[in-house]
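What follows is the content of query.cif, which has mmCIF, C-alpha atoms, pLDDT in the B column; chains and numbers go by the auth columns:
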```cif
data_protein
#
loop_
_atom_site.group_PDB
_atom_site.id
_atom_site.type_symbol
_atom_site.label_atom_id
_atom_site.label_comp_id
_atom_site.label_asym_id
_atom_site.label_seq_id
_atom_site.Cartn_x
_atom_site.Cartn_y
_atom_site.Cartn_z
_atom_site.B_iso_or_equiv
_atom_site.auth_seq_id
_atom_site.auth_asym_id
ATOM 1 C CA MET A 1 0.000 0.000 0.000 59.00 23 A
ATOM 2 C CA VAL A 2 1.230 3.485 -0.848 61.00 24 A
ATOM 3 C CA ALA A 3 1.900 5.726 2.146 65.00 25 A
ATOM 4 C CA ARG A 4 -0.407 8.726 2.496 60.00 26 A
ATOM 5 C CA ALA A 5 1.083 12.152 3.140 65.00 27 A
ATOM 6 C CA ALA A 6 0.136 13.562 6.554 67.00 28 A
ATOM 7 C CA ASN A 7 -1.562 16.609 4.984 67.00 29 A
ATOM 8 C CA ASN A 8 -3.541 14.555 2.434 64.00 30 A
ATOM 9 C CA LEU A 9 -7.030 14.768 3.915 64.00 31 A
ATOM 10 C CA ILE A 10 -9.651 12.133 3.326 64.00 32 A
ATOM 11 C CA ALA A 11 -12.707 14.009 2.112 64.00 33 A
ATOM 12 C CA PHE A 12 -16.255 13.085 1.188 66.00 34 A
ATOM 13 C CA GLY A 13 -18.125 14.094 -1.950 64.00 35 A
ATOM 14 C CA HIS A 14 -15.350 14.608 -4.464 61.00 36 A
ATOM 15 C CA THR A 15 -14.293 13.109 -7.780 65.00 37 A
ATOM 16 C CA ASN A 16 -10.501 13.020 -7.813 61.00 38 A
ATOM 17 C CA GLY A 17 -8.888 13.215 -11.224 61.00 39 A
ATOM 18 C CA ILE A 18 -12.099 13.468 -13.241 68.00 40 A
ATOM 19 C CA GLY A 19 -12.700 17.203 -13.319 67.00 41 A
ATOM 20 C CA GLU A 20 -14.267 19.995 -11.381 70.00 42 A
ATOM 21 C CA ASP A 21 -17.505 20.210 -13.352 83.00 43 A
ATOM 22 C CA VAL A 22 -18.729 16.650 -12.756 90.00 44 A
ATOM 23 C CA GLU A 23 -22.357 16.139 -11.768 93.00 45 A
ATOM 24 C CA MET A 24 -24.451 13.064 -11.159 95.00 46 A
ATOM 25 C CA PHE A 25 -28.151 12.487 -11.643 97.00 47 A
ATOM 26 C CA THR A 26 -30.562 9.724 -10.729 98.00 48 A
ATOM 27 C CA ILE A 27 -33.037 9.099 -13.528 98.00 49 A
ATOM 28 C CA ASP A 28 -36.165 7.002 -13.154 98.00 50 A
ATOM 29 C CA GLY A 29 -37.777 6.227 -16.480 96.00 51 A
ATOM 30 C CA GLY A 30 -40.869 4.832 -14.786 94.00 52 A
ATOM 31 C CA ALA A 31 -40.592 1.281 -16.136 96.00 53 A
ATOM 32 C CA THR A 32 -37.708 -1.049 -16.847 96.00 54 A
ATOM 33 C CA LEU A 33 -35.212 0.077 -19.467 96.00 55 A
ATOM 34 C CA ALA A 34 -33.305 -3.219 -19.470 93.00 56 A
ATOM 35 C CA ASN A 35 -34.630 -4.150 -22.911 94.00 57 A
ATOM 36 C CA GLU A 36 -34.417 -0.599 -24.296 96.00 58 A
ATOM 37 C CA THR A 37 -30.689 -0.360 -25.035 96.00 59 A
ATOM 38 C CA ASN A 38 -30.461 -0.998 -28.789 96.00 60 A
ATOM 39 C CA PRO A 39 -30.216 1.797 -31.361 96.00 61 A
ATOM 40 C CA GLY A 40 -33.631 3.358 -31.880 97.00 62 A
ATOM 41 C CA GLU A 41 -34.924 2.224 -28.481 97.00 63 A
ATOM 42 C CA ALA A 42 -35.687 4.386 -25.436 97.00 64 A
ATOM 43 C CA MET A 43 -32.158 4.612 -23.954 97.00 65 A
ATOM 44 C CA ASP A 44 -30.885 5.809 -27.319 97.00 66 A
ATOM 45 C CA PHE A 45 -33.334 8.716 -27.073 97.00 67 A
ATOM 46 C CA PHE A 46 -32.518 9.371 -23.404 98.00 68 A
ATOM 47 C CA VAL A 47 -28.807 9.567 -24.214 97.00 69 A
ATOM 48 C CA ARG A 48 -29.395 11.896 -27.156 97.00 70 A
ATOM 49 C CA VAL A 49 -31.370 14.285 -24.934 98.00 71 A
ATOM 50 C CA ILE A 50 -28.793 14.202 -22.129 97.00 72 A
ATOM 51 C CA GLU A 51 -25.891 14.803 -24.523 97.00 73 A
ATOM 52 C CA GLU A 52 -27.518 17.960 -25.900 97.00 74 A
ATOM 53 C CA LYS A 53 -26.120 19.814 -22.871 97.00 75 A
ATOM 54 C CA CYS A 54 -23.239 17.737 -21.471 95.00 76 A
ATOM 55 C CA THR A 55 -20.892 14.804 -21.941 94.00 77 A
ATOM 56 C CA ILE A 56 -21.815 11.494 -20.344 96.00 78 A
ATOM 57 C CA ILE A 57 -18.892 9.987 -18.415 93.00 79 A
ATOM 58 C CA ALA A 58 -20.639 6.926 -16.984 94.00 80 A
ATOM 59 C CA VAL A 59 -24.027 5.237 -16.882 96.00 81 A
ATOM 60 C CA GLY A 60 -24.778 3.090 -13.852 96.00 82 A
ATOM 61 C CA ALA A 61 -26.670 -0.172 -13.712 96.00 83 A
ATOM 62 C CA GLU A 62 -30.418 -0.154 -14.274 96.00 84 A
ATOM 63 C CA ASP A 63 -32.331 -1.253 -11.174 96.00 85 A
ATOM 64 C CA GLY A 64 -34.934 -3.351 -12.996 95.00 86 A
ATOM 65 C CA ASN A 65 -37.589 -0.649 -12.612 96.00 87 A
ATOM 66 C CA GLY A 66 -36.187 2.041 -14.909 96.00 88 A
ATOM 67 C CA GLY A 67 -33.883 3.717 -12.394 97.00 89 A
ATOM 68 C CA PHE A 68 -30.225 4.399 -13.111 97.00 90 A
ATOM 69 C CA ARG A 69 -27.548 6.972 -12.376 97.00 91 A
ATOM 70 C CA ILE A 70 -25.421 8.960 -14.760 97.00 92 A
ATOM 71 C CA MET A 71 -22.209 10.905 -14.278 95.00 93 A
ATOM 72 C CA VAL A 72 -21.795 13.860 -16.614 95.00 94 A
ATOM 73 C CA GLN A 73 -19.268 16.590 -17.228 93.00 95 A
ATOM 74 C CA GLY A 74 -19.831 20.171 -18.308 92.00 96 A
ATOM 75 C CA SER A 75 -23.578 19.938 -17.743 94.00 97 A
ATOM 76 C CA LEU A 76 -25.933 22.779 -18.497 95.00 98 A
ATOM 77 C CA TRP A 77 -28.839 20.686 -17.149 97.00 99 A
ATOM 78 C CA THR A 78 -30.637 21.237 -13.894 97.00 100 A
ATOM 79 C CA PRO A 79 -32.515 18.188 -12.626 98.00 101 A
ATOM 80 C CA ALA A 80 -35.840 19.911 -13.339 98.00 102 A
ATOM 81 C CA ASP A 81 -34.877 20.885 -16.897 98.00 103 A
ATOM 82 C CA LEU A 82 -33.577 17.400 -17.698 98.00 104 A
ATOM 83 C CA GLN A 83 -36.736 15.865 -16.259 98.00 105 A
ATOM 84 C CA THR A 84 -38.896 18.116 -18.437 98.00 106 A
ATOM 85 C CA ALA A 85 -36.842 17.243 -21.528 98.00 107 A
ATOM 86 C CA LEU A 86 -37.058 13.479 -20.896 98.00 108 A
ATOM 87 C CA GLN A 87 -40.795 13.663 -20.205 98.00 109 A
ATOM 88 C CA ALA A 88 -41.241 15.614 -23.440 98.00 110 A
ATOM 89 C CA LEU A 89 -40.126 12.505 -25.329 98.00 111 A
ATOM 90 C CA GLY A 90 -43.674 11.351 -24.636 97.00 112 A
ATOM 91 C CA SER A 91 -45.411 8.039 -24.272 97.00 113 A
ATOM 92 C CA THR A 92 -44.247 6.358 -27.487 97.00 114 A
ATOM 93 C CA VAL A 93 -40.446 6.627 -27.409 97.00 115 A
ATOM 94 C CA GLY A 94 -38.437 4.480 -29.796 97.00 116 A
ATOM 95 C CA THR A 95 -39.264 1.274 -31.585 97.00 117 A
ATOM 96 C CA ASN A 96 -40.913 -0.302 -28.519 97.00 118 A
ATOM 97 C CA ASN A 97 -43.096 2.725 -27.666 97.00 119 A
ATOM 98 C CA TYR A 98 -41.577 3.271 -24.220 97.00 120 A
ATOM 99 C CA ASN A 99 -43.559 5.668 -22.012 97.00 121 A
ATOM 100 C CA ALA A 100 -41.170 8.384 -20.774 98.00 122 A
ATOM 101 C CA SER A 101 -43.908 10.843 -19.826 97.00 123 A
ATOM 102 C CA GLY A 102 -43.478 10.074 -16.112 97.00 124 A
ATOM 103 C CA ALA A 103 -39.663 10.088 -16.009 98.00 125 A
ATOM 104 C CA THR A 104 -38.092 11.780 -13.001 98.00 126 A
ATOM 105 C CA VAL A 105 -34.624 13.229 -12.427 98.00 127 A
ATOM 106 C CA SER A 106 -32.883 14.196 -9.218 98.00 128 A
ATOM 107 C CA ALA A 107 -29.376 15.264 -8.316 96.00 129 A
ATOM 108 C CA PHE A 108 -27.175 12.540 -6.870 91.00 130 A
ATOM 109 C CA THR A 109 -24.173 13.175 -4.659 84.00 131 A
ATOM 110 C CA PHE A 110 -21.552 10.457 -4.749 73.00 132 A
#
```
Take the structure I supplied and represent it as structure tokens, if you would.
Amino acid sequence: MVARAANNLIAFGHTNGIGEDVEMFTIDGGATLANETNPGEAMDFFVRVIEEKCTIIAVGAEDGNGGFRIMVQGSLWTPADLQTALQALGSTVGTNNYNASGATVSAFTF
């Protein structure tokens, strides 16, 4: 194990080495997205919307009910604005007609 310098504090809530403008969101699509990951399916549309105003660094695992977390950099989204944009996709998103009209977004602190 590498020795830690005495003045190297252990802090909570930071993202070492990634960048200063990193944000995380929890998104709940309202129903499972596990089978919505191919081109032209709901996640394709979600990603396109998100990337209009930031760069996606990571997408977390889907919880089986449509919930997942994303880590983004350089975001111009607020949770409320992103939620509105995802809901605006409507009730027939992608080739499987996924209903995104009830999607929710909240800030997530790692």
Checklist entry - Of the candidates A:Ile92, A:Val69, A:Ala83, A:Val115, which shows the shortest atom-to-atom distance to Ile49 of chain A, using only C-alpha atoms? => result A:Ile92
Checklist entry - Distance atom CA of Ser97 of chain A-atom CA of Glu58 of chain A, one decimal place? => result 24.1 Å
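Distances here use all atoms listed in the file; by that measure, the residue among A:Asn119, A:Gly51, A:Thr131, A:Ala56 closest to Glu84 of chain A is A:Ala56.
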Next on the checklist: Please report the interatomic distance between atom CA of Glu42 of chain A and atom CA of Arg91 of chain A in Å with one decimal.
Outcome noted: 18.6 Å
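Selection check: the PyMOL selection byres ((chain A and resi 52) around 10) on the shown file gives Ile49, Asp50, Gly51, Ala53, Thr54, Leu55, Asn87, Gly88, Gly89, Tyr120, Asn121, Ala122, Ser123, Gly124, Ala125 and Thr126 of chain A.
Interatomic distance, atom CA of Leu98 of chain A to atom CA of Leu111 of chain A: 18.8 Å.
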Next on the checklist: Ranking A:Val44, A:Met93, A:Leu108, A:Ala64 by minimum distance to Ile78 of chain A and counting only C-alpha atoms, which one comes first?
Outcome noted: A:Met93
Item to check | Picked residues, the PyMOL selection byres ((chain A and resi 104) around 10), expected as a PyMOL selection string | outcome: chain A and resi 47+49+68+71-72+75+98-103+105-110+125-128
